[in-house]
$ cat start-v4.cif   # mmCIF, C-alpha atoms and all ligand atoms
data_run
#
loop_
_atom_site.label_atom_id
_atom_site.label_comp_id
_atom_site.auth_asym_id
_atom_site.auth_seq_id
_atom_site.Cartn_x
_atom_site.Cartn_y
_atom_site.Cartn_z
CA MET A 1 24.02 -19.68 -8.44
CA SER A 2 20.82 -17.63 -8.70
CA VAL A 3 19.92 -13.98 -9.28
CA THR A 4 17.01 -12.14 -7.63
CA VAL A 5 15.51 -8.91 -8.95
CA ARG A 6 13.00 -6.75 -7.08
CA VAL A 7 10.57 -4.81 -9.26
CA PRO A 8 7.81 -2.30 -8.40
CA ALA A 9 4.16 -1.93 -9.38
CA LYS A 10 2.96 1.24 -11.11
CA VAL A 11 0.04 3.60 -11.02
CA ASN A 12 -0.88 5.81 -13.96
CA VAL A 13 -1.39 9.32 -12.62
CA GLN A 14 -2.48 10.38 -16.10
CA LEU A 15 -3.63 8.04 -18.83
CA ALA A 16 -4.70 10.02 -21.90
CA VAL A 17 -5.90 7.66 -24.63
CA GLY A 18 -6.15 8.56 -28.33
CA SER A 19 -8.06 6.65 -30.98
CA ALA A 20 -7.19 3.10 -32.07
CA ARG A 21 -4.26 2.86 -34.52
CA PRO A 22 -4.13 0.55 -37.54
CA ASP A 23 -2.07 -1.94 -35.45
CA GLY A 24 -4.87 -2.09 -32.85
CA PHE A 25 -2.93 -0.21 -30.16
CA HIS A 26 -3.90 3.27 -28.95
CA ASP A 27 -1.62 6.28 -28.86
CA LEU A 28 -1.13 7.33 -25.28
CA ALA A 29 0.20 10.04 -23.04
CA ASN A 30 0.82 7.81 -20.08
CA VAL A 31 2.35 9.24 -16.90
CA PHE A 32 3.68 6.33 -14.85
CA LEU A 33 4.67 6.45 -11.20
CA ALA A 34 6.40 3.45 -9.58
CA VAL A 35 4.87 2.51 -6.20
CA SER A 36 6.27 0.50 -3.28
CA LEU A 37 4.52 -2.82 -3.90
CA TYR A 38 7.03 -5.32 -5.25
CA ASP A 39 7.42 -8.69 -6.89
CA GLU A 40 10.72 -10.56 -6.57
CA VAL A 41 11.85 -12.71 -9.47
CA THR A 42 14.64 -15.27 -8.98
CA VAL A 43 16.29 -17.10 -11.88
CA SER A 44 18.60 -20.10 -11.57
CA PRO A 45 20.13 -22.52 -14.08
CA ALA A 46 17.87 -25.50 -14.94
CA SER A 47 17.60 -28.20 -17.59
CA SER A 48 14.70 -26.38 -19.29
CA LEU A 49 12.59 -23.21 -18.91
CA THR A 50 10.20 -23.59 -15.96
CA ILE A 51 8.22 -21.13 -13.81
CA THR A 52 6.87 -21.31 -10.29
CA CYS A 53 5.02 -18.64 -8.35
CA SER A 54 4.35 -18.08 -4.65
CA GLY A 55 2.11 -15.63 -2.79
CA PRO A 56 -1.60 -15.44 -1.90
CA ASP A 57 -2.69 -14.92 -5.54
CA ALA A 58 -0.16 -17.29 -7.11
CA GLY A 59 -2.97 -19.49 -8.41
CA GLN A 60 -4.02 -16.75 -10.87
CA VAL A 61 -0.57 -16.43 -12.47
CA PRO A 62 -0.02 -18.36 -15.75
CA LEU A 63 2.97 -20.71 -15.46
CA ASP A 64 3.37 -21.35 -19.19
CA ARG A 65 5.15 -19.53 -22.00
CA THR A 66 2.48 -16.78 -22.01
CA ASN A 67 3.99 -15.46 -18.78
CA LEU A 68 6.01 -12.34 -19.68
CA ALA A 69 8.86 -13.56 -17.47
CA ALA A 70 9.22 -16.68 -19.66
CA ARG A 71 8.97 -14.61 -22.83
CA ALA A 72 11.67 -12.26 -21.52
CA ALA A 73 14.06 -15.17 -20.93
CA GLU A 74 13.31 -16.57 -24.40
CA LEU A 75 13.78 -13.24 -26.19
CA LEU A 76 17.04 -12.45 -24.44
CA ALA A 77 18.39 -15.97 -25.02
CA ALA A 78 17.42 -15.86 -28.73
CA ARG A 79 19.28 -12.57 -29.21
CA HIS A 80 22.45 -14.20 -27.90
CA GLY A 81 22.09 -17.63 -29.47
CA LEU A 82 21.52 -19.22 -26.05
CA SER A 83 18.98 -21.69 -24.82
CA PRO A 84 16.67 -20.21 -22.12
CA ASP A 85 17.31 -23.02 -19.64
CA VAL A 86 16.36 -21.33 -16.40
CA HIS A 87 14.01 -21.86 -13.54
CA ILE A 88 12.08 -18.63 -12.85
CA HIS A 89 10.47 -18.17 -9.46
CA ILE A 90 8.07 -15.26 -8.97
CA ALA A 91 7.35 -14.16 -5.40
CA LYS A 92 4.12 -12.32 -6.20
CA ASP A 93 2.94 -9.39 -4.11
CA ILE A 94 1.62 -7.05 -6.87
CA PRO A 95 -2.14 -7.55 -7.47
CA VAL A 96 -2.69 -9.93 -10.42
CA ALA A 97 -4.53 -8.56 -13.52
CA GLY A 98 -5.17 -5.43 -11.48
CA GLY A 99 -3.98 -2.57 -13.69
CA MET A 100 -0.73 -2.22 -11.75
CA ALA A 101 1.56 -3.79 -14.38
CA GLY A 102 2.34 -6.89 -12.31
CA GLY A 103 2.86 -9.11 -15.36
CA SER A 104 4.96 -6.42 -17.04
CA ALA A 105 7.01 -6.05 -13.86
CA ASP A 106 7.84 -9.78 -13.89
CA GLY A 107 8.90 -9.50 -17.55
CA ALA A 108 11.30 -6.65 -16.82
CA ALA A 109 12.62 -8.39 -13.70
CA ALA A 110 13.22 -11.74 -15.45
CA LEU A 111 15.02 -9.92 -18.27
CA LEU A 112 17.41 -8.15 -15.90
CA ALA A 113 17.88 -11.32 -13.83
CA CYS A 114 18.73 -13.47 -16.88
CA ASP A 115 21.04 -10.78 -18.26
CA THR A 116 22.91 -10.89 -14.94
CA LEU A 117 22.86 -14.71 -14.59
CA TRP A 118 24.23 -15.16 -18.13
CA SER A 119 26.79 -12.30 -17.68
CA LEU A 120 25.57 -10.66 -20.90
CA ARG A 121 26.02 -7.05 -19.72
CA SER A 122 23.39 -5.75 -22.15
CA THR A 123 23.20 -1.97 -22.37
CA ARG A 124 20.15 -0.21 -20.96
CA ALA A 125 19.07 0.58 -24.56
CA GLU A 126 19.25 -3.13 -25.50
CA LEU A 127 17.19 -4.12 -22.45
CA LEU A 128 14.64 -1.37 -23.14
CA SER A 129 14.17 -2.55 -26.71
CA ILE A 130 13.41 -6.10 -25.52
CA CYS A 131 11.05 -4.65 -22.89
CA ALA A 132 9.15 -2.73 -25.60
CA GLU A 133 8.81 -5.96 -27.58
CA LEU A 134 7.38 -7.70 -24.50
CA GLY A 135 4.64 -5.13 -23.85
CA SER A 136 3.72 -1.45 -23.63
CA ASP A 137 4.25 -1.14 -19.86
CA VAL A 138 7.40 -3.29 -19.55
CA PRO A 139 9.99 -0.54 -20.26
CA PHE A 140 8.63 1.50 -17.35
CA SER A 141 8.96 -1.45 -14.96
CA LEU A 142 12.68 -1.53 -15.74
CA VAL A 143 13.16 2.23 -15.34
CA GLY A 144 10.89 3.00 -12.36
CA GLY A 145 10.66 6.43 -10.73
CA ALA A 146 8.30 8.52 -12.83
CA ALA A 147 8.11 8.75 -16.60
CA LEU A 148 5.93 9.91 -19.47
CA GLY A 149 5.20 7.10 -21.93
CA THR A 150 4.22 8.05 -25.47
CA GLY A 151 3.54 5.97 -28.57
CA ARG A 152 1.73 2.94 -27.18
CA GLY A 153 3.29 3.84 -23.82
CA GLU A 154 6.69 2.26 -24.46
CA ARG A 155 8.66 5.42 -25.43
CA LEU A 156 9.76 6.88 -22.11
CA THR A 157 10.87 10.30 -20.94
CA GLU A 158 11.93 10.23 -17.30
CA LEU A 159 10.26 12.82 -15.06
CA GLU A 160 11.45 14.66 -12.00
CA VAL A 161 9.51 14.12 -8.75
CA GLY A 162 9.97 16.63 -5.91
CA GLY A 163 8.55 14.66 -2.99
CA GLU A 164 6.97 11.48 -1.70
CA PHE A 165 3.33 10.66 -2.45
CA HIS A 166 1.20 8.33 -0.32
CA TRP A 167 -1.36 5.95 -1.75
CA VAL A 168 -3.88 3.28 -0.89
CA PHE A 169 -4.67 0.60 -3.47
CA ALA A 170 -7.99 -1.22 -3.15
CA VAL A 171 -7.72 -4.66 -4.70
CA ALA A 172 -10.95 -5.94 -6.25
CA ASP A 173 -12.08 -9.55 -6.56
CA GLY A 174 -11.03 -10.93 -9.95
CA GLY A 175 -9.09 -9.13 -12.68
CA LEU A 176 -10.06 -7.12 -15.76
CA SER A 177 -8.58 -7.92 -19.16
CA THR A 178 -6.65 -4.95 -20.59
CA PRO A 179 -7.77 -5.63 -24.21
CA ALA A 180 -11.40 -5.84 -23.00
CA VAL A 181 -11.11 -2.46 -21.27
CA TYR A 182 -9.58 -0.84 -24.39
CA GLY A 183 -12.38 -2.48 -26.42
CA GLU A 184 -14.97 -0.93 -24.12
CA PHE A 185 -13.16 2.43 -24.44
CA ASP A 186 -13.52 2.14 -28.24
CA ARG A 187 -17.21 1.33 -27.90
CA LEU A 188 -17.89 4.25 -25.52
CA THR A 189 -15.98 6.77 -27.66
CA GLU A 190 -17.17 5.57 -31.07
CA GLY A 191 -17.97 8.50 -33.36
CA LEU A 192 -16.32 11.03 -31.02
CA ALA A 193 -13.32 13.02 -32.28
CA ALA A 194 -10.38 11.87 -30.14
CA PRO A 195 -7.92 14.68 -29.33
CA ALA A 196 -4.22 13.78 -29.62
CA PRO A 197 -3.21 12.57 -26.14
CA ALA A 198 -0.92 14.99 -24.30
CA ALA A 199 0.57 15.17 -20.82
CA SER A 200 -1.07 17.75 -18.57
CA PRO A 201 1.29 20.64 -17.65
CA ALA A 202 -0.48 20.98 -14.27
CA LEU A 203 0.15 17.31 -13.51
CA LEU A 204 3.84 17.47 -14.48
CA ASP A 205 4.18 20.56 -12.29
CA ALA A 206 2.55 18.79 -9.33
CA LEU A 207 5.01 15.90 -9.69
CA ARG A 208 7.96 18.30 -9.94
CA THR A 209 6.95 20.17 -6.79
CA GLY A 210 5.85 17.07 -4.88
CA ASP A 211 2.53 18.74 -4.05
CA ALA A 212 -0.12 16.10 -3.26
CA PRO A 213 -3.24 18.38 -3.36
CA SER A 214 -2.18 19.68 -6.81
CA LEU A 215 -1.51 16.15 -8.03
CA ALA A 216 -4.95 15.14 -6.71
CA GLY A 217 -6.56 17.84 -8.84
CA ALA A 218 -4.74 16.70 -11.97
CA LEU A 219 -5.17 12.88 -11.76
CA ALA A 220 -6.94 11.60 -14.90
CA ASN A 221 -7.58 8.20 -16.45
CA ASP A 222 -9.39 8.03 -19.81
CA LEU A 223 -9.90 4.27 -19.28
CA GLN A 224 -11.88 4.85 -16.09
CA PRO A 225 -15.36 5.10 -17.74
CA ALA A 226 -14.63 1.84 -19.61
CA ALA A 227 -13.47 0.04 -16.44
CA LEU A 228 -16.54 1.32 -14.55
CA SER A 229 -18.81 0.23 -17.37
CA LEU A 230 -17.40 -3.32 -17.17
CA ARG A 231 -17.28 -3.30 -13.35
CA PRO A 232 -19.93 -0.83 -12.03
CA SER A 233 -19.24 -1.78 -8.38
CA LEU A 234 -15.91 0.10 -8.56
CA ALA A 235 -17.88 3.36 -8.23
CA ASP A 236 -18.73 2.39 -4.62
CA THR A 237 -15.06 1.69 -3.85
CA LEU A 238 -14.03 5.09 -5.27
CA GLN A 239 -16.75 6.85 -3.27
CA THR A 240 -15.81 5.03 -0.04
CA GLY A 241 -12.16 6.14 -0.30
CA THR A 242 -12.99 9.78 -1.00
CA SER A 243 -15.55 9.87 1.84
CA ALA A 244 -12.84 8.45 4.14
CA GLY A 245 -10.55 11.43 3.41
CA ALA A 246 -8.54 10.56 0.29
CA LEU A 247 -7.51 13.64 -1.69
CA ALA A 248 -8.56 11.91 -4.91
CA ALA A 249 -9.49 8.49 -6.26
CA LEU A 250 -9.14 6.86 -9.64
CA VAL A 251 -9.04 3.50 -11.35
CA SER A 252 -5.44 2.29 -11.71
CA GLY A 253 -4.66 1.81 -15.42
CA SER A 254 -7.22 -0.60 -16.89
CA GLY A 255 -8.36 -1.63 -13.38
CA PRO A 256 -9.96 -3.11 -11.43
CA THR A 257 -7.55 -1.93 -8.71
CA THR A 258 -8.53 1.56 -7.52
CA ALA A 259 -5.95 4.10 -6.32
CA PHE A 260 -6.40 6.71 -3.59
CA LEU A 261 -3.95 9.58 -3.14
CA THR A 262 -3.74 10.73 0.48
CA LYS A 263 -2.15 13.74 2.14
CA ASP A 264 0.27 11.69 4.27
CA GLU A 265 1.08 8.21 5.55
CA GLU A 266 -1.28 8.48 8.51
CA SER A 267 -4.21 9.39 6.28
CA ALA A 268 -3.33 6.45 4.01
CA GLY A 269 -3.69 4.14 7.03
CA SER A 270 -7.15 5.45 7.90
CA VAL A 271 -8.38 5.38 4.28
CA ALA A 272 -7.15 1.78 3.99
CA ALA A 273 -8.99 0.81 7.20
CA ALA A 274 -12.23 2.44 5.97
CA LEU A 275 -11.99 0.70 2.59
CA LEU A 276 -11.48 -2.70 4.21
CA ALA A 277 -14.30 -2.16 6.72
CA SER A 278 -16.70 -1.14 3.92
CA GLY A 279 -16.45 -4.51 2.20
CA THR A 280 -16.15 -2.74 -1.19
CA CYS A 281 -12.74 -4.32 -1.86
CA ARG A 282 -10.91 -7.55 -1.11
CA GLU A 283 -7.75 -5.95 0.22
CA ALA A 284 -6.39 -2.43 0.82
CA ARG A 285 -2.64 -1.88 0.41
CA VAL A 286 -0.71 1.20 1.56
CA ALA A 287 2.25 2.30 -0.59
CA SER A 288 4.38 5.32 -1.43
CA SER A 289 6.00 6.68 -4.56
CA PRO A 290 8.22 7.14 -6.41
CA THR A 291 10.46 4.13 -6.03
CA ALA A 292 13.27 2.64 -8.12
CA GLY A 293 12.70 0.32 -11.09
CA ALA A 294 13.92 -3.29 -11.43
CA ARG A 295 17.08 -3.86 -9.31
CA VAL A 296 19.27 -6.88 -8.61
CA VAL A 297 18.91 -7.54 -4.88
CA GLY A 298 20.70 -10.87 -4.61
CA ALA A 299 23.15 -12.87 -6.71
O1 LIG A 301 1.27 -3.93 -24.80
P1 LIG A 301 0.44 -4.89 -24.02
O2 LIG A 301 0.66 -6.32 -24.45
O3 LIG A 301 0.55 -4.71 -22.55
O4 LIG A 301 -1.05 -4.54 -24.39
C1 LIG A 301 -2.12 -5.39 -24.04
C2 LIG A 301 -3.35 -4.98 -24.82
O5 LIG A 301 -3.81 -3.69 -24.38
C3 LIG A 301 -3.14 -4.83 -26.31
O6 LIG A 301 -3.32 -6.04 -26.98
C4 LIG A 301 -4.23 -3.82 -26.68
O7 LIG A 301 -5.48 -4.45 -26.77
C5 LIG A 301 -4.28 -2.91 -25.45
N1 LIG A 301 -3.45 -1.71 -25.60
C6 LIG A 301 -3.85 -0.71 -26.47
N2 LIG A 301 -3.08 0.42 -26.60
C7 LIG A 301 -1.95 0.58 -25.87
C8 LIG A 301 -1.54 -0.42 -24.96
C9 LIG A 301 -2.31 -1.56 -24.85
O8 LIG A 301 -4.87 -0.82 -27.14
N3 LIG A 301 -1.24 1.71 -26.01
#
$ encode --input "start-v4.cif" --output "structure tokens"
Amino acid sequence: MSVTVRVPAKVNVQLAVGSARPDGFHDLANVFLAVSLYDEVTVSPASSLTITCSGPDAGQVPLDRTNLAARAAELLAARHGLSPDVHIHIAKDIPVAGGMAGGSADGAAALLACDTLWSLRSTRAELLSICAELGSDVPFSLVGGAALGTGRGERLTELEVGGEFHWVFAVADGGLSTPAVYGEFDRLTEGLAAPAPAASPALLDALRTGDAPSLAGALANDLQPAALSLRPSLADTLQTGTSAGALAALVSGSGPTTAFLTKDEESAGSVAAALLASGTCREARVASSPTAGARVVGA
């Protein structure tokens, strides 16, 4: 008996970052959109907790208890007085350490998979509270679609999306550490008065109407200067995608993956080809949004 859960990556169409809080986290207005790049997480009974990972970038995925999928199994088991004796297999397709919440996605997927395997029937609220404990982006991976995250990003309000958006994601060589990017944000903004982060009404409107040119005009990522400061070569990738016809370009979350919004699927194909040909990225992936959150696809 095994259970498989499919879970999407995310892009932040707005990431408004406030100043650092006493607990070290930053208050955010974080507008998440789930995109059609997926990991699949399969759990099956085992004599102890083990993890394996497959896929081209599997070598970069930690296979110890720091993996959010392992922590999800442990947290859920502890809440029910169980022992987390499962084998977790991650079929990895989401870029690793890329700012697309791949690790968070695996945490949400393992949680849902274990809940199903152990027949616990946790409520959505119970699962969301464990997700929030696992990390700021994990609740969104469970919910999918589009949502505004406030607090440190974990308090979600689901958003309406009136159409399909087309994207290209340029995968860079090597990852960027999220804490390092927030640290660089603090350094770059030191001494500046940080406004309270708030969702942009124009951006929410563009999502509601499904209008790609309006969304392009409203895309914003406060972490982008910090990611560019740590990885200056990303500026060339952004420029290449916009020159090739993308409506807009931005760093995805804390990077180093860059995201390009295009007017349709065909344009996404040509932007992806231009990005690959330029040599400014390792890989260019075409995807659309929104898409559903973590879902059981096999049991
Ligand atoms: O919540 P998560 O474990 O994904 O966060 C990883 C790191 O990102 C945190 O340790 C912190 O350095 C930074 N972070 C932050 N403010 C947030 C979310 C994350 O400073 N709202």
$ atom_distance --input "start-v4.cif" --atom1 "CA of Arg295 in chain A" --atom2 "atom C9 of ligand LIG 301 (chain A)"
25.0 Å
$ closest_atom_pairs --input "start-v4.cif" --of "chain A" --to "ligand LIG 301 (chain A)" --cutoff "7 Å" --atoms "only C-alpha atoms and all ligand atoms" --output "CSV"
residue,atom,partner,partner_atom,distance
A:Ala20,CA,A:LIG301,O8,6.7
A:Gly24,CA,A:LIG301,O8,5.8
A:Phe25,CA,A:LIG301,N2,3.6
A:His26,CA,A:LIG301,N2,3.8
A:Asp27,CA,A:LIG301,N3,5.4
A:Leu28,CA,A:LIG301,N3,5.7
A:Leu134,CA,A:LIG301,O2,6.9
A:Gly135,CA,A:LIG301,O1,3.7
A:Ser136,CA,A:LIG301,O1,3.7
A:Asp137,CA,A:LIG301,O3,5.8
A:Gly151,CA,A:LIG301,N3,6.9
A:Arg152,CA,A:LIG301,N3,3.4
A:Gly153,CA,A:LIG301,N3,5.5
A:Thr178,CA,A:LIG301,O5,4.9
A:Pro179,CA,A:LIG301,O7,3.6
A:Tyr182,CA,A:LIG301,O8,5.5
$ residues_around --input "start-v4.cif" --residues "range 264-281 of chain A" --least-positions-apart "3" --cutoff "7 Å" --atoms "only C-alpha atoms" --output "CSV table (one decimal) with C-alpha atoms, keeping the file's coordinate frame"
chain,number,residue,atom,x,y,z
A,166,HIS,CA,1.2,8.3,-0.3
A,167,TRP,CA,-1.4,6.0,-1.8
A,168,VAL,CA,-3.9,3.3,-0.9
A,170,ALA,CA,-8.0,-1.2,-3.2
A,171,VAL,CA,-7.7,-4.7,-4.7
A,172,ALA,CA,-11.0,-5.9,-6.2
A,236,ASP,CA,-18.7,2.4,-4.6
A,237,THR,CA,-15.1,1.7,-3.8
A,240,THR,CA,-15.8,5.0,0.0
A,241,GLY,CA,-12.2,6.1,-0.3
A,244,ALA,CA,-12.8,8.4,4.1
A,245,GLY,CA,-10.6,11.4,3.4
A,246,ALA,CA,-8.5,10.6,0.3
A,284,ALA,CA,-6.4,-2.4,0.8
A,285,ARG,CA,-2.6,-1.9,0.4
A,286,VAL,CA,-0.7,1.2,1.6
$ closest_residue --input "start-v4.cif" --among "A:Leu234, A:Ile88, A:Val31, A:Leu207" --to "Glu154 in chain A" --atoms "all atoms listed in the file"
A:Val31
$ residues_around --input "start-v4.cif" --residues "Val297 in chain A" --least-positions-apart "6" --cutoff "8 Å" --atoms "all atoms listed in the file" --output "short mmCIF file (atom, residue, chain, number, x, y, z; two decimals) with C-alpha atoms, keeping the file's coordinate frame"
data_model
loop_
_atom_site.label_atom_id
_atom_site.label_comp_id
_atom_site.auth_asym_id
_atom_site.auth_seq_id
_atom_site.Cartn_x
_atom_site.Cartn_y
_atom_site.Cartn_z
CA VAL A 3 19.92 -13.98 -9.28
CA THR A 4 17.01 -12.14 -7.63
CA VAL A 5 15.51 -8.91 -8.95
CA ARG A 6 13.00 -6.75 -7.08
#
$ residues_around --input "start-v4.cif" --residues "Pro290 in chain A" --least-positions-apart "2" --cutoff "7 Å" --atoms "all atoms listed in the file" --output "CSV table (one decimal) with C-alpha atoms, in the coordinates of the input"
chain,number,residue,atom,x,y,z
A,33,LEU,CA,4.7,6.4,-11.2
A,34,ALA,CA,6.4,3.4,-9.6
A,35,VAL,CA,4.9,2.5,-6.2
A,145,GLY,CA,10.7,6.4,-10.7
A,146,ALA,CA,8.3,8.5,-12.8
A,164,GLU,CA,7.0,11.5,-1.7
A,288,SER,CA,4.4,5.3,-1.4
A,292,ALA,CA,13.3,2.6,-8.1
$ closest_residue --input "start-v4.cif" --among "A:Thr150, A:Thr42, A:Gln60, A:Asn221" --to "Leu112 in chain A" --atoms "all atoms listed in the file"
A:Thr42
$ residues_around --input "start-v4.cif" --residues "range 211-216 of chain A" --least-positions-apart "3" --cutoff "9 Å" --atoms "only C-alpha atoms" --output "PDB file with C-alpha atoms, in the frame of the given file"
ATOM      1  CA  VAL A  13      -1.390   9.320 -12.620  1.00  0.00           C
ATOM      2  CA  GLY A 162       9.970  16.630  -5.910  1.00  0.00           C
ATOM      3  CA  GLY A 163       8.550  14.660  -2.990  1.00  0.00           C
ATOM      4  CA  GLU A 164       6.970  11.480  -1.700  1.00  0.00           C
ATOM      5  CA  PHE A 165       3.330  10.660  -2.450  1.00  0.00           C
ATOM      6  CA  HIS A 166       1.200   8.330  -0.320  1.00  0.00           C
ATOM      7  CA  ALA A 202      -0.480  20.980 -14.270  1.00  0.00           C
ATOM      8  CA  LEU A 203       0.150  17.310 -13.510  1.00  0.00           C
ATOM      9  CA  LEU A 204       3.840  17.470 -14.480  1.00  0.00           C
ATOM     10  CA  ASP A 205       4.180  20.560 -12.290  1.00  0.00           C
ATOM     11  CA  ALA A 206       2.550  18.790  -9.330  1.00  0.00           C
ATOM     12  CA  LEU A 207       5.010  15.900  -9.690  1.00  0.00           C
ATOM     13  CA  ARG A 208       7.960  18.300  -9.940  1.00  0.00           C
ATOM     14  CA  LEU A 219      -5.170  12.880 -11.760  1.00  0.00           C
ATOM     15  CA  LEU A 247      -7.510  13.640  -1.690  1.00  0.00           C
ATOM     16  CA  ALA A 248      -8.560  11.910  -4.910  1.00  0.00           C
ATOM     17  CA  ALA A 249      -9.490   8.490  -6.260  1.00  0.00           C
ATOM     18  CA  LEU A 261      -3.950   9.580  -3.140  1.00  0.00           C
ATOM     19  CA  THR A 262      -3.740  10.730   0.480  1.00  0.00           C
ATOM     20  CA  LYS A 263      -2.150  13.740   2.140  1.00  0.00           C
ATOM     21  CA  ASP A 264       0.270  11.690   4.270  1.00  0.00           C
TER      22      ASP A 264
END
$ closest_residue --input "start-v4.cif" --among "A:Pro256, A:Gly175, A:Gly293, A:Pro139" --to "Ser233 in chain A" --atoms "all atoms listed in the file"
A:Pro256
$ closest_atom_pairs --input "start-v4.cif" --of "range 124-177 of chain A" --to "range 62-81 of chain A" --cutoff "10 Å" --atoms "all atoms listed in the file" --output "Markdown table"
| residue | atom | partner | partner_atom | distance |
| --- | --- | --- | --- | --- |
| A:Glu126 | CA | A:Leu76 | CA | 9.6 |
| A:Leu127 | CA | A:Leu76 | CA | 8.6 |
| A:Ile130 | CA | A:Leu75 | CA | 7.2 |
| A:Cys131 | CA | A:Ala72 | CA | 7.8 |
| A:Glu133 | CA | A:Leu75 | CA | 8.9 |
| A:Leu134 | CA | A:Leu68 | CA | 6.8 |
| A:Gly135 | CA | A:Leu68 | CA | 8.4 |
| A:Val138 | CA | A:Leu68 | CA | 9.2 |
$ write_last_selection --input "start-v4.cif" --atoms "C-alpha atoms" --output "mmCIF file, in the coordinates of the input"
data_model
loop_
_atom_site.group_PDB
_atom_site.id
_atom_site.type_symbol
_atom_site.label_atom_id
_atom_site.label_comp_id
_atom_site.auth_asym_id
_atom_site.auth_seq_id
_atom_site.Cartn_x
_atom_site.Cartn_y
_atom_site.Cartn_z
ATOM 1 C CA GLU A 126 19.250 -3.130 -25.500
ATOM 2 C CA LEU A 127 17.190 -4.120 -22.450
ATOM 3 C CA ILE A 130 13.410 -6.100 -25.520
ATOM 4 C CA CYS A 131 11.050 -4.650 -22.890
ATOM 5 C CA GLU A 133 8.810 -5.960 -27.580
ATOM 6 C CA LEU A 134 7.380 -7.700 -24.500
ATOM 7 C CA GLY A 135 4.640 -5.130 -23.850
ATOM 8 C CA VAL A 138 7.400 -3.290 -19.550
#
$ atom_distance --input "start-v4.cif" --atom1 "CA of Pro225 in chain A" --atom2 "CA of Arg155 in chain A"
25.2 Å
$ axis_aligned_box --input "start-v4.cif" --around "range 279-296 of chain A" --padding-each-side "5 Å" --output "JSON"
{"center_x": 1.4, "center_y": -0.2, "center_z": -4.6, "size_x": 45.7, "size_y": 24.7, "size_z": 23.6}
$ closest_residue --input "start-v4.cif" --among "A:Pro8, A:Pro95, A:Gly144, A:Pro22" --to "Pro56 in chain A" --atoms "all atoms listed in the file"
A:Pro95
$ closest_residue --input "start-v4.cif" --among "A:Ser243, A:Ser129, A:Leu82, A:Ala199" --to "Thr157 in chain A" --atoms "only C-alpha atoms"
A:Ala199
$ atom_distance --input "start-v4.cif" --atom1 "CA of Ser141 in chain A" --atom2 "CA of Leu117 in chain A"
19.2 Å
$ residues_near_point --input "start-v4.cif" --point "(0.9, -18.1, -5.9)" --cutoff "12 Å" --atoms "all atoms listed in the file" --output "list in words"
Asp39, Ile51, Thr52, Cys53, Ser54, Gly55, Pro56, Asp57, Ala58, Gly59, Gln60, Val61, Pro62, Leu63, His89, Ile90, Ala91, Lys92, Asp93, Ile94, Pro95 and Val96 of chain A
